Amino acid sequence: MANKPKILLVYTGGTIGMIKDYNTGALRAFDFNQIQNKIPELQHLNCEISTISFEEPIDSSNMNRKYYVKIAEIIETNYNDYDGFVVLTGSDTMSYTSSAISFMFENLQKPVIFTGSQLPIGDLRTDAKENLITSIEIACARENNEPIIKEVGLYFEYKLYRANRTTKINAEQFEAFASMNYPPLAESGVHLHFNNHLLFKNEKSDEKLIFRKNLIDDIVVLKLFPGITPIVVETILNIENLKGVVLETYGSGNAPTEPWFIDLLEEVIAKGVKIVNVTQCTGGSVILGLYETSTDLKRIGIIDGKDITTETAVAKMMYLLGEDLSKEDFKYYFEKPLRGEISLQP
Ligand code: ASP
């Protein structure tokens with residue numbers, strides 16, 4: 001490439017772009033367009049950086065599908081003018097947001113790297129600088145004149161992960177994220193090392209980018225716990241307009257075998273509500289039918305979430321509900337990896 005790669009930094013909010021208000025002691029957002037002043041090192045990167053910021057940056061606790069669409073529209077509008085995108089959001093819900101973006105774009109041929117930080121950029125001990133600088137380097141990285149990363153990634157504390165494999169695991173340490181069921185795509189040490197065999201390879205490399213923004217959020221996450229009562233399950237499953245349930249079961253997808261529980265699930269499945277089984281464990285997979293405690297779930301047509309994370313199951317549910325699929329197709333596409341979010345069973 002003759003010219004320097006062009007990178008668009010999209011700031012939505014979160015700790016990374018905050019400063020301390022010394023009157024109140026609380027963190028508040030600063031004008032992100034001043035980022036080059038806060039991190040003068042950015043000028044030494046071998047790329048051209050532009051920034052775009054939400055007019056009113058948000059804490060990621062306020063993230064929702066409307067903001068997902070807003071982020072994705074910024075990427076779509078600027079897709080042809082930039083070589084890569086770095087999206088800054090709060091880390092609290094970054095796994096949900098980045099997963100949603102991964103589904104909203106099909107045939108992505110450019111890097112979209114999410115990052116943030118545990119300490120604000122103005123803090124002396126901040127992790128923001130490293131996270132931001134390396135994310136930009138990753139977004140610029142090319143081989144044979146092609147971007148190395150052609151998927152949605154999440155970079156934090158020296159590791160690039162496939163975004164839709166991540167979970168926030170720590171509110172205190174700089175190593176805030178883990179990807180329990182898929183190894184890092186890249187690691188940053190003295191050198192930036194890409195694990196090429198793990199990167200998402202788009203089969204249809206010449207196909208046009210497809211952008212879908214019809215997400216449906218009439219869904220619920222139902223986490224089982226020993227002693228959960230029929231009234232609680234019944235009330236949740238019968239919420240008006242409910243279209244999808246992410247059911248967090250135990251271990252390899254196990255749930256109570258009591259008839260009231262199975263009957264309630266079967267009733268709402270018959271009404272067209274989609275229920276996906278994901279495990280409460282941070283690592284490993286649902287294996288429907290492995291134990292007697294999941295054979296009934298299999299029989300009543302529950303969707304097998306395999307090794308998907310809860311965050312990604314929520315995002316995929318919102319995305320597939322918006323596609324208006326038949327019951328069979330919904331199950332088929334949910335159980336199949338679309339953006340590398342599920343492992344193929346051995
Ligand atoms: N509360 C912040 C947020 O998620 C935390 C962070 O940025 O890491 O927006």
# chains A, B, ... in the order shown; residues from 1 in each chain; ligands from 1
$ closest_atom_pairs --of "chain A" --to "ligand 1" --cutoff "7 Å" --atoms "only C-alpha atoms and all ligand atoms" --output "tab-separated table"
residue	atom	partner	partner_atom_place_in_ligand_line	distance
A:Gly13	CA	ligand 1	9 (O)	6.2
A:Gly14	CA	ligand 1	9 (O)	3.5
A:Thr15	CA	ligand 1	7 (O)	3.6
A:Ile16	CA	ligand 1	7 (O)	6.0
A:Ile58	CA	ligand 1	9 (O)	6.7
A:Asp59	CA	ligand 1	9 (O)	3.6
A:Ser60	CA	ligand 1	9 (O)	3.7
A:Ser61	CA	ligand 1	4 (O)	5.9
A:Thr89	CA	ligand 1	7 (O)	6.4
A:Gly90	CA	ligand 1	7 (O)	3.1
A:Ser91	CA	ligand 1	8 (O)	3.7
A:Asp92	CA	ligand 1	4 (O)	3.7
A:Thr93	CA	ligand 1	4 (O)	5.9
A:Gly116	CA	ligand 1	7 (O)	6.1
A:Ser117	CA	ligand 1	8 (O)	5.4
A:Gln118	CA	ligand 1	8 (O)	5.0
$ residues_around --residues "region 259-262 of chain A" --least-positions-apart "4" --cutoff "8 Å" --atoms "only C-alpha atoms" --output "list in words"
Pro230, Val233, Glu266, Asp296 and Leu297 of chain A
$ select_by_dssp --residues "region 51-246 of chain A" --states "alpha helix (DSSP H)" --output "ChimeraX atom specification"
/A:65-78,94-104,128-140,230-237
$ residues_around --residues "Glu106 (chain A)" --least-positions-apart "2" --cutoff "6 Å" --atoms "only C-alpha atoms" --output "ChimeraX atom specification"
/A:108,209-210
$ residues_around --residues "region 178-184 of chain A" --least-positions-apart "4" --cutoff "10 Å" --atoms "only C-alpha atoms" --output "PyMOL selection string"
chain A and resi 153-156+158-170+194-195+198-199+281-285+307-309+340-343
$ write_last_selection --atoms "C-alpha atoms" --output "mmCIF file, in the first residue's frame"
data_model
loop_
_atom_site.group_PDB
_atom_site.id
_atom_site.type_symbol
_atom_site.label_atom_id
_atom_site.label_comp_id
_atom_site.auth_asym_id
_atom_site.auth_seq_id
_atom_site.Cartn_x
_atom_site.Cartn_y
_atom_site.Cartn_z
ATOM 1 C CA GLY A 153 -11.771 -8.497 17.720
ATOM 2 C CA LEU A 154 -11.434 -7.385 21.327
ATOM 3 C CA TYR A 155 -8.008 -6.280 22.526
ATOM 4 C CA PHE A 156 -7.171 -5.982 26.217
ATOM 5 C CA TYR A 158 -1.651 -7.833 25.533
ATOM 6 C CA LYS A 159 -4.188 -10.185 23.944
ATOM 7 C CA LEU A 160 -6.443 -9.934 20.928
ATOM 8 C CA TYR A 161 -9.477 -12.186 21.195
ATOM 9 C CA ARG A 162 -12.292 -13.027 18.831
ATOM 10 C CA ALA A 163 -14.832 -10.610 20.299
ATOM 11 C CA ASN A 164 -17.739 -13.037 20.286
ATOM 12 C CA ARG A 165 -15.747 -15.485 22.412
ATOM 13 C CA THR A 166 -15.035 -13.105 25.277
ATOM 14 C CA THR A 167 -16.374 -12.550 28.777
ATOM 15 C CA LYS A 168 -15.459 -9.841 31.241
ATOM 16 C CA ILE A 169 -14.047 -11.764 34.176
ATOM 17 C CA ASN A 170 -12.432 -9.135 36.374
ATOM 18 C CA PHE A 194 -0.710 -13.276 15.081
ATOM 19 C CA ASN A 195 -1.961 -16.846 15.364
ATOM 20 C CA LEU A 198 -7.010 -19.170 14.323
ATOM 21 C CA LEU A 199 -8.152 -16.121 12.359
ATOM 22 C CA CYS A 281 -19.659 -22.512 33.402
ATOM 23 C CA THR A 282 -17.222 -20.025 31.930
ATOM 24 C CA GLY A 283 -15.485 -22.746 29.940
ATOM 25 C CA GLY A 284 -16.613 -25.913 28.195
ATOM 26 C CA SER A 285 -19.724 -26.820 26.302
ATOM 27 C CA ASP A 307 -19.838 -23.603 23.762
ATOM 28 C CA ILE A 308 -21.290 -20.155 23.052
ATOM 29 C CA THR A 309 -20.969 -17.551 25.819
ATOM 30 C CA GLY A 340 -16.682 -18.244 14.603
ATOM 31 C CA GLU A 341 -18.697 -17.924 17.816
ATOM 32 C CA ILE A 342 -19.316 -21.656 18.297
ATOM 33 C CA SER A 343 -16.886 -24.556 17.964
#
$ residues_around --residues "Leu320 (chain A)" --least-positions-apart "6" --cutoff "12 Å" --atoms "only C-alpha atoms" --output "ChimeraX atom specification"
/A:100,103-104,212-217,219,243-244,274,312-314,326-327,329-336,338
$ residues_around --residues "region 189-193 of chain A" --least-positions-apart "2" --cutoff "9 Å" --atoms "only C-alpha atoms" --output "PyMOL selection string"
chain A and resi 134+137-138+158+185-187+195-196
$ select_by_dssp --residues "region 139-299 of chain A" --states "strand (DSSP E or B)" --output "PDB file with N, CA and C atoms, in the first residue's frame"
ATOM      1  N   ARG A 142      -1.016  -5.507   8.060  1.00  0.00           N
ATOM      2  CA  ARG A 142      -1.335  -6.062   6.737  1.00  0.00           C
ATOM      3  C   ARG A 142      -0.286  -7.083   6.322  1.00  0.00           C
ATOM      4  N   GLU A 143      -0.729  -7.990   5.477  1.00  0.00           N
ATOM      5  CA  GLU A 143       0.185  -8.982   4.900  1.00  0.00           C
ATOM      6  C   GLU A 143      -0.241  -9.160   3.452  1.00  0.00           C
ATOM      7  N   GLU A 146      -3.105  -7.092   2.298  1.00  0.00           N
ATOM      8  CA  GLU A 146      -4.450  -7.427   2.792  1.00  0.00           C
ATOM      9  C   GLU A 146      -4.459  -7.238   4.297  1.00  0.00           C
ATOM     10  N   PRO A 147      -5.560  -6.809   4.878  1.00  0.00           N
ATOM     11  CA  PRO A 147      -5.594  -6.737   6.345  1.00  0.00           C
ATOM     12  C   PRO A 147      -5.426  -8.140   6.940  1.00  0.00           C
ATOM     13  N   VAL A 152     -14.335  -9.102  13.889  1.00  0.00           N
ATOM     14  CA  VAL A 152     -14.462  -8.210  15.040  1.00  0.00           C
ATOM     15  C   VAL A 152     -13.640  -8.804  16.184  1.00  0.00           C
ATOM     16  N   GLY A 153     -12.644  -8.032  16.646  1.00  0.00           N
ATOM     17  CA  GLY A 153     -11.771  -8.497  17.720  1.00  0.00           C
ATOM     18  C   GLY A 153     -11.964  -7.655  18.977  1.00  0.00           C
ATOM     19  N   LEU A 154     -11.421  -8.149  20.068  1.00  0.00           N
ATOM     20  CA  LEU A 154     -11.434  -7.385  21.327  1.00  0.00           C
ATOM     21  C   LEU A 154     -10.024  -7.466  21.890  1.00  0.00           C
ATOM     22  N   TYR A 155      -9.386  -6.302  22.026  1.00  0.00           N
ATOM     23  CA  TYR A 155      -8.008  -6.280  22.526  1.00  0.00           C
ATOM     24  C   TYR A 155      -7.973  -5.721  23.937  1.00  0.00           C
ATOM     25  N   PHE A 156      -7.317  -6.435  24.833  1.00  0.00           N
ATOM     26  CA  PHE A 156      -7.171  -5.982  26.217  1.00  0.00           C
ATOM     27  C   PHE A 156      -5.939  -6.658  26.797  1.00  0.00           C
ATOM     28  N   LYS A 159      -3.597  -9.084  24.730  1.00  0.00           N
ATOM     29  CA  LYS A 159      -4.188 -10.185  23.944  1.00  0.00           C
ATOM     30  C   LYS A 159      -5.332  -9.680  23.061  1.00  0.00           C
ATOM     31  N   LEU A 160      -5.309 -10.174  21.811  1.00  0.00           N
ATOM     32  CA  LEU A 160      -6.443  -9.934  20.928  1.00  0.00           C
ATOM     33  C   LEU A 160      -7.283 -11.209  20.905  1.00  0.00           C
ATOM     34  N   TYR A 161      -8.564 -11.044  21.215  1.00  0.00           N
ATOM     35  CA  TYR A 161      -9.477 -12.186  21.195  1.00  0.00           C
ATOM     36  C   TYR A 161     -10.492 -12.019  20.074  1.00  0.00           C
ATOM     37  N   ARG A 162     -11.079 -13.145  19.653  1.00  0.00           N
ATOM     38  CA  ARG A 162     -12.292 -13.027  18.831  1.00  0.00           C
ATOM     39  C   ARG A 162     -13.357 -12.470  19.768  1.00  0.00           C
ATOM     40  N   THR A 167     -15.560 -12.848  27.593  1.00  0.00           N
ATOM     41  CA  THR A 167     -16.374 -12.550  28.777  1.00  0.00           C
ATOM     42  C   THR A 167     -15.543 -11.639  29.665  1.00  0.00           C
ATOM     43  N   LYS A 168     -16.190 -10.645  30.258  1.00  0.00           N
ATOM     44  CA  LYS A 168     -15.459  -9.841  31.241  1.00  0.00           C
ATOM     45  C   LYS A 168     -15.399 -10.650  32.533  1.00  0.00           C
ATOM     46  N   PHE A 177     -10.517  -9.530  30.592  1.00  0.00           N
ATOM     47  CA  PHE A 177     -11.301 -10.426  29.729  1.00  0.00           C
ATOM     48  C   PHE A 177     -10.665 -11.800  29.614  1.00  0.00           C
ATOM     49  N   ALA A 178     -11.516 -12.777  29.317  1.00  0.00           N
ATOM     50  CA  ALA A 178     -11.023 -14.125  29.012  1.00  0.00           C
ATOM     51  C   ALA A 178     -11.823 -14.660  27.836  1.00  0.00           C
ATOM     52  N   ALA A 186      -4.152 -13.028  18.685  1.00  0.00           N
ATOM     53  CA  ALA A 186      -2.824 -12.403  18.615  1.00  0.00           C
ATOM     54  C   ALA A 186      -2.356 -12.088  20.027  1.00  0.00           C
ATOM     55  N   GLU A 187      -1.032 -12.065  20.191  1.00  0.00           N
ATOM     56  CA  GLU A 187      -0.460 -11.712  21.489  1.00  0.00           C
ATOM     57  C   GLU A 187       0.599 -10.655  21.286  1.00  0.00           C
ATOM     58  N   SER A 188       0.605  -9.695  22.211  1.00  0.00           N
ATOM     59  CA  SER A 188       1.537  -8.598  22.080  1.00  0.00           C
ATOM     60  C   SER A 188       2.620  -8.731  23.140  1.00  0.00           C
ATOM     61  N   LEU A 192       4.415  -8.256  17.902  1.00  0.00           N
ATOM     62  CA  LEU A 192       2.986  -8.534  17.808  1.00  0.00           C
ATOM     63  C   LEU A 192       2.867  -9.838  17.021  1.00  0.00           C
ATOM     64  N   HIS A 193       2.392 -10.888  17.703  1.00  0.00           N
ATOM     65  CA  HIS A 193       2.369 -12.195  17.053  1.00  0.00           C
ATOM     66  C   HIS A 193       0.939 -12.617  16.745  1.00  0.00           C
ATOM     67  N   PHE A 194       0.637 -12.842  15.475  1.00  0.00           N
ATOM     68  CA  PHE A 194      -0.710 -13.276  15.081  1.00  0.00           C
ATOM     69  C   PHE A 194      -0.747 -14.796  14.955  1.00  0.00           C
ATOM     70  N   ILE A 210     -22.468  -7.124   3.926  1.00  0.00           N
ATOM     71  CA  ILE A 210     -23.913  -7.066   4.202  1.00  0.00           C
ATOM     72  C   ILE A 210     -24.078  -6.549   5.626  1.00  0.00           C
ATOM     73  N   PHE A 211     -24.946  -5.577   5.776  1.00  0.00           N
ATOM     74  CA  PHE A 211     -25.157  -4.930   7.076  1.00  0.00           C
ATOM     75  C   PHE A 211     -26.613  -5.140   7.484  1.00  0.00           C
ATOM     76  N   ILE A 219     -36.205 -10.386  24.767  1.00  0.00           N
ATOM     77  CA  ILE A 219     -35.591 -11.639  25.218  1.00  0.00           C
ATOM     78  C   ILE A 219     -35.246 -11.558  26.707  1.00  0.00           C
ATOM     79  N   VAL A 220     -34.922 -12.700  27.276  1.00  0.00           N
ATOM     80  CA  VAL A 220     -34.562 -12.716  28.692  1.00  0.00           C
ATOM     81  C   VAL A 220     -33.454 -13.755  28.916  1.00  0.00           C
ATOM     82  N   VAL A 221     -32.606 -13.489  29.912  1.00  0.00           N
ATOM     83  CA  VAL A 221     -31.627 -14.502  30.334  1.00  0.00           C
ATOM     84  C   VAL A 221     -32.165 -15.103  31.627  1.00  0.00           C
ATOM     85  N   LEU A 222     -32.377 -16.400  31.624  1.00  0.00           N
ATOM     86  CA  LEU A 222     -32.909 -17.074  32.812  1.00  0.00           C
ATOM     87  C   LEU A 222     -31.815 -17.991  33.368  1.00  0.00           C
ATOM     88  N   LYS A 223     -31.288 -17.579  34.530  1.00  0.00           N
ATOM     89  CA  LYS A 223     -30.195 -18.364  35.129  1.00  0.00           C
ATOM     90  C   LYS A 223     -30.783 -19.307  36.181  1.00  0.00           C
ATOM     91  N   GLY A 244     -37.524 -14.755  22.952  1.00  0.00           N
ATOM     92  CA  GLY A 244     -36.365 -15.637  23.088  1.00  0.00           C
ATOM     93  C   GLY A 244     -35.879 -15.722  24.525  1.00  0.00           C
ATOM     94  N   VAL A 245     -35.368 -16.897  24.889  1.00  0.00           N
ATOM     95  CA  VAL A 245     -34.845 -17.110  26.240  1.00  0.00           C
ATOM     96  C   VAL A 245     -33.447 -17.719  26.129  1.00  0.00           C
ATOM     97  N   VAL A 246     -32.493 -17.098  26.813  1.00  0.00           N
ATOM     98  CA  VAL A 246     -31.175 -17.722  26.955  1.00  0.00           C
ATOM     99  C   VAL A 246     -31.204 -18.392  28.318  1.00  0.00           C
ATOM    100  N   LEU A 247     -31.262 -19.716  28.305  1.00  0.00           N
ATOM    101  CA  LEU A 247     -31.409 -20.483  29.544  1.00  0.00           C
ATOM    102  C   LEU A 247     -30.025 -20.927  30.024  1.00  0.00           C
ATOM    103  N   GLU A 248     -29.595 -20.358  31.132  1.00  0.00           N
ATOM    104  CA  GLU A 248     -28.274 -20.730  31.678  1.00  0.00           C
ATOM    105  C   GLU A 248     -28.433 -21.942  32.574  1.00  0.00           C
ATOM    106  N   THR A 249     -27.968 -23.068  32.072  1.00  0.00           N
ATOM    107  CA  THR A 249     -28.107 -24.340  32.793  1.00  0.00           C
ATOM    108  C   THR A 249     -26.800 -24.677  33.511  1.00  0.00           C
ATOM    109  N   TYR A 250     -26.770 -25.836  34.124  1.00  0.00           N
ATOM    110  CA  TYR A 250     -25.575 -26.253  34.865  1.00  0.00           C
ATOM    111  C   TYR A 250     -24.644 -27.101  33.979  1.00  0.00           C
ATOM    112  N   ASN A 254     -27.180 -29.168  31.938  1.00  0.00           N
ATOM    113  CA  ASN A 254     -28.135 -29.926  32.754  1.00  0.00           C
ATOM    114  C   ASN A 254     -29.117 -29.018  33.482  1.00  0.00           C
ATOM    115  N   LYS A 274     -38.226 -18.982  21.313  1.00  0.00           N
ATOM    116  CA  LYS A 274     -36.986 -19.728  21.069  1.00  0.00           C
ATOM    117  C   LYS A 274     -36.204 -19.825  22.379  1.00  0.00           C
ATOM    118  N   ILE A 275     -35.814 -21.034  22.757  1.00  0.00           N
ATOM    119  CA  ILE A 275     -35.044 -21.195  23.999  1.00  0.00           C
ATOM    120  C   ILE A 275     -33.709 -21.861  23.672  1.00  0.00           C
ATOM    121  N   VAL A 276     -32.641 -21.188  24.069  1.00  0.00           N
ATOM    122  CA  VAL A 276     -31.310 -21.763  23.821  1.00  0.00           C
ATOM    123  C   VAL A 276     -30.666 -22.129  25.155  1.00  0.00           C
ATOM    124  N   ASN A 277     -30.035 -23.290  25.158  1.00  0.00           N
ATOM    125  CA  ASN A 277     -29.366 -23.809  26.355  1.00  0.00           C
ATOM    126  C   ASN A 277     -27.886 -23.425  26.322  1.00  0.00           C
ATOM    127  N   VAL A 278     -27.466 -22.617  27.312  1.00  0.00           N
ATOM    128  CA  VAL A 278     -26.036 -22.303  27.443  1.00  0.00           C
ATOM    129  C   VAL A 278     -25.608 -22.689  28.851  1.00  0.00           C
ATOM    130  N   THR A 279     -24.332 -22.953  29.014  1.00  0.00           N
ATOM    131  CA  THR A 279     -23.878 -23.370  30.342  1.00  0.00           C
ATOM    132  C   THR A 279     -23.483 -22.175  31.212  1.00  0.00           C
TER     133      THR A 279
END
$ residues_around --residues "Glu76 (chain A)" --least-positions-apart "2" --cutoff "12 Å" --atoms "only C-alpha atoms" --output "JSON, numbers by chain"
{"A": [8, 69, 70, 71, 72, 73, 74, 78, 79, 80, 81, 82, 84, 85, 101, 104, 105, 106, 108, 110, 112, 208, 209, 210, 211, 212, 213]}
$ closest_atom_pairs --of "region 164-222 of chain A" --to "region 148-151 of chain A" --cutoff "8 Å" --atoms "only C-alpha atoms" --output "tab-separated table"
residue	atom	partner	partner_atom	distance
A:Leu199	CA	A:Ile149	CA	7.0
A:Phe200	CA	A:Glu151	CA	6.4
A:Lys201	CA	A:Lys150	CA	7.5
A:Asn202	CA	A:Lys150	CA	7.8
